[in-house]
Every structure is written in structure tokens, then in C-alpha cells.
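Structure first, commentary second.
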Amino acid sequence: MIVRRFRQCSRDPSPSRATLKETKVKWITRENVKVDRVACPWLIKKFVDPHAEFLFVPADQVMAVAVQEGAIPYDVSNVEFGHHGKECSFDAISKKHGLTSDPALVLLAKIVNGADTDNSLWNQPESAGLNAIAEGFRHLGFKDDHELNAAEWIVYDALYAYCQEMVRRGKPDGAFR
């Protein structure tokens with residue numbers, strides 16, 4: 001794995017949005033991505049840090065490489081940007097970075113949560129479709145997680161546009177409610 005080195009301006013493992021804008025931050029998670037590990041990088045690049053860099057490594061190496069690279073771990077156990085109760089990593093990132101005031105992102109978070117978990121928190125009907133699409137992407141033969149993320153982000157762009165339209169129509173819980 002080739003990773004560019006950078007100088008981190010803060011030792012805080014979860015920098016504020018202001019810090020994120022000032023430095024190139026690395027984020028790290030488990031390899032073989034699916035729902036949350038595709039949705040989180042999309043969310044971070046679109047709404048938190050357009051210059052973020054993502055690392056995907058074997059699950060048993062995430063924390064060691066995070067320390068070595070000065071990267072922020074997400075979607076692994078016992079980290080700030082992981083699952084907490086019935087909430088997924090996408091929820092944790094949205095809350096920490098003040099993204100919950102956008103009703104379209106709130107709806108998108110419910111869909112992502114349902115696709116990444118047992119869907120018992122919100123019972124979001126769109127989640128089953130997102131889960132199926134994410135599983136399909138895993139079988140298209142992409143060479144690595146970076147390539148899969150690049151391809152699949154258009155799904156999240158489209159899903160966010162759907163969520164914006166639902167909010168515009170006065171259906172902040174989605175069309176199927």
C-alpha cells in the first residue's frame with residue numbers, strides 16, 4: 001500500500017470542520033467496503049472535507065495503521081465515528097460535523113442506516129434497495145475499494161437528489177411513507 005505522508009496540524013483524533021478545511025486529513029476503515037464504508041467517504045468529501053484521503057486496510061490493521069498514518073478511524077468498533085447503539089458511522093459523522101440541519105441529509109442518513117443495519121431504527125423502505133445496489137457493486141470486479149467508491153458515489157449523488165426532492169415535496173420521510 002502506497003500512502004502519501006502529511007503533516008497533521010493537530011493531535012486531536014477528530015478535528016473540527018475548521019481544522020479539516022486547513023489540512024489534508026486521512027480517514028481509515030476496513031477493506032471490502034459496502035454501505036457505510038462507501039456512504040461515509042461520500043459524505044466526508046461532499047460536506048466535510050473535499051481534500052480528505054481514504055485508506056482501506058484489513059480489519060485487524062485499522063487501528064495500528066491509523067496511529068502510524070495519523071488517520072481518523074471510522075466504521076470500526078470502539079471509535080467515535082463507528083456504530084453506537086442502532087446508529088451507524090454515517091450518523092456519527094453527520095452529527096459531529098453539524099450536518100443534521102439539512103433535512104435531505106437527515107433522510108439520506110435514515111436510508112443509509114437502514115441499509116447498513118437491521119433497519120429497526122427508522123424502518124426506512126428505501127434502505128433495502130440501497131443494500132441491494134451496494135451488494136451488486138461488490139460483484140462488479142472493481143480492482144480495489146477506491147475504484148468501487150469512485151463508481152458507487154454516483155448512487156449517493158442520485159440518492160441525495162432524491163432526498164432533496166422528497167423534502168421539496170413535503171415528504172421528509174421519503175416517498176414511500
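Ligands are numbered from 1 in the order shown, residues from 1 within each chain, and chains are lettered A, B, ... in the order they appear in the C-alpha cells.
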
Name the residues of chain A that fall into strand (DSSP E) according to DSSP on the backbone, using the chain letters and numbers of this document, as a ChimeraX atom specification. /A:26-30,53-57,72-73

I'd like the contact shell of Trp122 of chain A - 12 Å cut-off, only C-alpha atoms, skipping same-chain residues fewer than 2 positions apart - returned as a PDB file with C-alpha atoms, in the first residue's frame.
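Listing of result.pdb after writing:
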ATOM      1  CA  LYS A  86     -28.600   1.452  16.460  1.00  0.00           C
ATOM      2  CA  GLU A  87     -26.809   4.367  14.801  1.00  0.00           C
ATOM      3  CA  VAL A 106     -31.276  13.531   7.533  1.00  0.00           C
ATOM      4  CA  LEU A 107     -33.427  11.433   5.196  1.00  0.00           C
ATOM      5  CA  LEU A 108     -30.325  10.077   3.466  1.00  0.00           C
ATOM      6  CA  ALA A 109     -28.880   9.135   6.869  1.00  0.00           C
ATOM      7  CA  LYS A 110     -32.041   7.168   7.662  1.00  0.00           C
ATOM      8  CA  ILE A 111     -31.748   5.294   4.356  1.00  0.00           C
ATOM      9  CA  VAL A 112     -28.033   4.570   4.860  1.00  0.00           C
ATOM     10  CA  ASN A 113     -28.652   3.495   8.444  1.00  0.00           C
ATOM     11  CA  GLY A 114     -31.340   1.047   7.382  1.00  0.00           C
ATOM     12  CA  ALA A 115     -29.203  -0.405   4.604  1.00  0.00           C
ATOM     13  CA  ASP A 116     -26.217  -0.821   6.934  1.00  0.00           C
ATOM     14  CA  THR A 117     -28.083  -2.189   9.972  1.00  0.00           C
ATOM     15  CA  ASP A 118     -31.172  -4.293  10.661  1.00  0.00           C
ATOM     16  CA  ASN A 119     -33.322  -1.231   9.691  1.00  0.00           C
ATOM     17  CA  SER A 120     -35.143  -1.301  13.014  1.00  0.00           C
ATOM     18  CA  GLN A 124     -36.853   3.080   6.029  1.00  0.00           C
ATOM     19  CA  PRO A 125     -38.261   1.284   2.933  1.00  0.00           C
ATOM     20  CA  GLU A 126     -35.642   2.703   0.550  1.00  0.00           C
ATOM     21  CA  SER A 127     -32.897   1.016   2.576  1.00  0.00           C
ATOM     22  CA  ASP A 173     -39.563  10.795   5.487  1.00  0.00           C
ATOM     23  CA  GLY A 174     -39.393   9.670   1.846  1.00  0.00           C
ATOM     24  CA  ARG A 177     -44.456   6.765   3.695  1.00  0.00           C
TER      25      ARG A 177
END

Proximity of segment 141-171 of chain A to segment 52-63 of chain A: per-residue shortest pair, 9 Å limit, only C-alpha atoms, as JSON lines:
{"residue": "A:Asp144", "atom": "CA", "partner": "A:Phe56", "partner_atom": "CA", "distance": 9.0}
{"residue": "A:Asp145", "atom": "CA", "partner": "A:Phe56", "partner_atom": "CA", "distance": 6.9}
{"residue": "A:His146", "atom": "CA", "partner": "A:Phe54", "partner_atom": "CA", "distance": 8.0}

Next, dump the selected residues to file, keeping only all heavy atoms, as an mmCIF file, in the first residue's frame.
data_model
loop_
_atom_site.group_PDB
_atom_site.id
_atom_site.type_symbol
_atom_site.label_atom_id
_atom_site.label_comp_id
_atom_site.auth_asym_id
_atom_site.auth_seq_id
_atom_site.Cartn_x
_atom_site.Cartn_y
_atom_site.Cartn_z
ATOM 1 N N ASP A 144 -10.154 -2.360 -6.472
ATOM 2 C CA ASP A 144 -9.944 -2.064 -5.057
ATOM 3 C C ASP A 144 -11.079 -1.183 -4.536
ATOM 4 O O ASP A 144 -11.981 -0.797 -5.279
ATOM 5 C CB ASP A 144 -8.578 -1.414 -4.819
ATOM 6 C CG ASP A 144 -8.392 -0.085 -5.534
ATOM 7 O OD1 ASP A 144 -9.385 0.630 -5.795
ATOM 8 O OD2 ASP A 144 -7.236 0.261 -5.825
ATOM 9 N N ASP A 145 -11.017 -0.886 -3.251
ATOM 10 C CA ASP A 145 -12.070 -0.097 -2.616
ATOM 11 C C ASP A 145 -12.129 1.342 -3.103
ATOM 12 O O ASP A 145 -13.195 1.949 -3.130
ATOM 13 C CB ASP A 145 -11.891 -0.124 -1.095
ATOM 14 C CG ASP A 145 -12.189 -1.497 -0.514
ATOM 15 O OD1 ASP A 145 -13.165 -2.133 -0.943
ATOM 16 O OD2 ASP A 145 -11.440 -1.932 0.381
ATOM 17 N N HIS A 146 -11.000 1.891 -3.523
ATOM 18 C CA HIS A 146 -11.000 3.255 -4.073
ATOM 19 C C HIS A 146 -11.788 3.298 -5.381
ATOM 20 O O HIS A 146 -12.596 4.209 -5.599
ATOM 21 C CB HIS A 146 -9.565 3.746 -4.307
ATOM 22 C CG HIS A 146 -8.811 3.966 -3.045
ATOM 23 N ND1 HIS A 146 -8.992 5.070 -2.247
ATOM 24 C CD2 HIS A 146 -7.865 3.216 -2.430
ATOM 25 C CE1 HIS A 146 -8.203 4.991 -1.201
ATOM 26 N NE2 HIS A 146 -7.506 3.880 -1.280
#

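Around segment 153-169 of chain A, within 9 Å and counting only C-alpha atoms, the residues found are Val38, Ala39, Pro41, Trp42, Leu43, Pro103, Ala104, Leu105, Val106, Leu107, Leu108, Leu130, Ile133, Leu148, Asn149, Ala150, Pro172, Asp173, Gly174 and Ala175 of chain A, once anything fewer than 3 positions away on its own chain is removed.
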
Please save N, CA and C atoms of the selected residues as a JSON list (two decimals), in the first residue's frame.
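Heads up, here's the output in again33.json:
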[["chain", "number", "residue", "atom", "x", "y", "z"],
["A", 38, "VAL", "N", -18.87, 3.21, 2.11],
["A", 38, "VAL", "CA", -18.95, 3.97, 0.86],
["A", 38, "VAL", "C", -19.67, 5.29, 1.14],
["A", 39, "ALA", "N", -20.74, 5.22, 1.91],
["A", 39, "ALA", "CA", -21.52, 6.42, 2.23],
["A", 39, "ALA", "C", -20.69, 7.44, 3.04],
["A", 41, "PRO", "N", -17.27, 8.02, 3.16],
["A", 41, "PRO", "CA", -16.35, 8.82, 2.34],
["A", 41, "PRO", "C", -17.08, 9.80, 1.43],
["A", 42, "TRP", "N", -18.22, 9.39, 0.88],
["A", 42, "TRP", "CA", -19.01, 10.30, 0.04],
["A", 42, "TRP", "C", -19.42, 11.52, 0.88],
["A", 43, "LEU", "N", -19.96, 11.28, 2.08],
["A", 43, "LEU", "CA", -20.39, 12.36, 2.96],
["A", 43, "LEU", "C", -19.24, 13.29, 3.33],
["A", 103, "PRO", "N", -32.44, 18.71, 5.96],
["A", 103, "PRO", "CA", -33.43, 17.63, 6.02],
["A", 103, "PRO", "C", -33.19, 16.54, 4.97],
["A", 104, "ALA", "N", -32.61, 16.89, 3.83],
["A", 104, "ALA", "CA", -32.31, 15.87, 2.82],
["A", 104, "ALA", "C", -31.21, 14.93, 3.32],
["A", 105, "LEU", "N", -30.20, 15.47, 3.99],
["A", 105, "LEU", "CA", -29.15, 14.61, 4.57],
["A", 105, "LEU", "C", -29.70, 13.77, 5.72],
["A", 106, "VAL", "N", -30.65, 14.30, 6.46],
["A", 106, "VAL", "CA", -31.28, 13.53, 7.53],
["A", 106, "VAL", "C", -32.00, 12.33, 6.94],
["A", 107, "LEU", "N", -32.75, 12.54, 5.86],
["A", 107, "LEU", "CA", -33.43, 11.43, 5.20],
["A", 107, "LEU", "C", -32.40, 10.45, 4.63],
["A", 108, "LEU", "N", -31.37, 10.96, 4.00],
["A", 108, "LEU", "CA", -30.32, 10.08, 3.47],
["A", 108, "LEU", "C", -29.69, 9.25, 4.59],
["A", 130, "LEU", "N", -31.04, 0.25, -1.44],
["A", 130, "LEU", "CA", -29.65, 0.68, -1.33],
["A", 130, "LEU", "C", -28.75, -0.49, -0.96],
["A", 133, "ILE", "N", -28.22, -2.60, -4.08],
["A", 133, "ILE", "CA", -27.31, -1.92, -5.01],
["A", 133, "ILE", "C", -25.87, -2.03, -4.51],
["A", 148, "LEU", "N", -14.12, 1.16, -6.35],
["A", 148, "LEU", "CA", -15.52, 0.89, -6.06],
["A", 148, "LEU", "C", -16.19, 2.16, -5.53],
["A", 149, "ASN", "N", -15.53, 2.86, -4.61],
["A", 149, "ASN", "CA", -16.09, 4.11, -4.09],
["A", 149, "ASN", "C", -16.32, 5.11, -5.21],
["A", 150, "ALA", "N", -15.34, 5.28, -6.06],
["A", 150, "ALA", "CA", -15.47, 6.25, -7.16],
["A", 150, "ALA", "C", -16.67, 5.93, -8.04],
["A", 172, "PRO", "N", -40.46, 14.62, 4.02],
["A", 172, "PRO", "CA", -39.12, 14.47, 4.59],
["A", 172, "PRO", "C", -38.80, 13.06, 5.08],
["A", 173, "ASP", "N", -39.80, 12.19, 5.11],
["A", 173, "ASP", "CA", -39.56, 10.80, 5.49],
["A", 173, "ASP", "C", -39.47, 9.88, 4.27],
["A", 174, "GLY", "N", -39.50, 10.44, 3.07],
["A", 174, "GLY", "CA", -39.39, 9.67, 1.85],
["A", 174, "GLY", "C", -40.73, 9.48, 1.16],
["A", 175, "ALA", "N", -40.67, 9.00, -0.06],
["A", 175, "ALA", "CA", -41.87, 8.88, -0.90],
["A", 175, "ALA", "C", -42.76, 7.72, -0.50]]

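Comparing the minimum interatomic distances between Arg37 of chain A and each of A:Gly98, A:Gly136, A:Gly82, A:Gly129, counting only C-alpha atoms, we find that A:Gly82 sits nearest.
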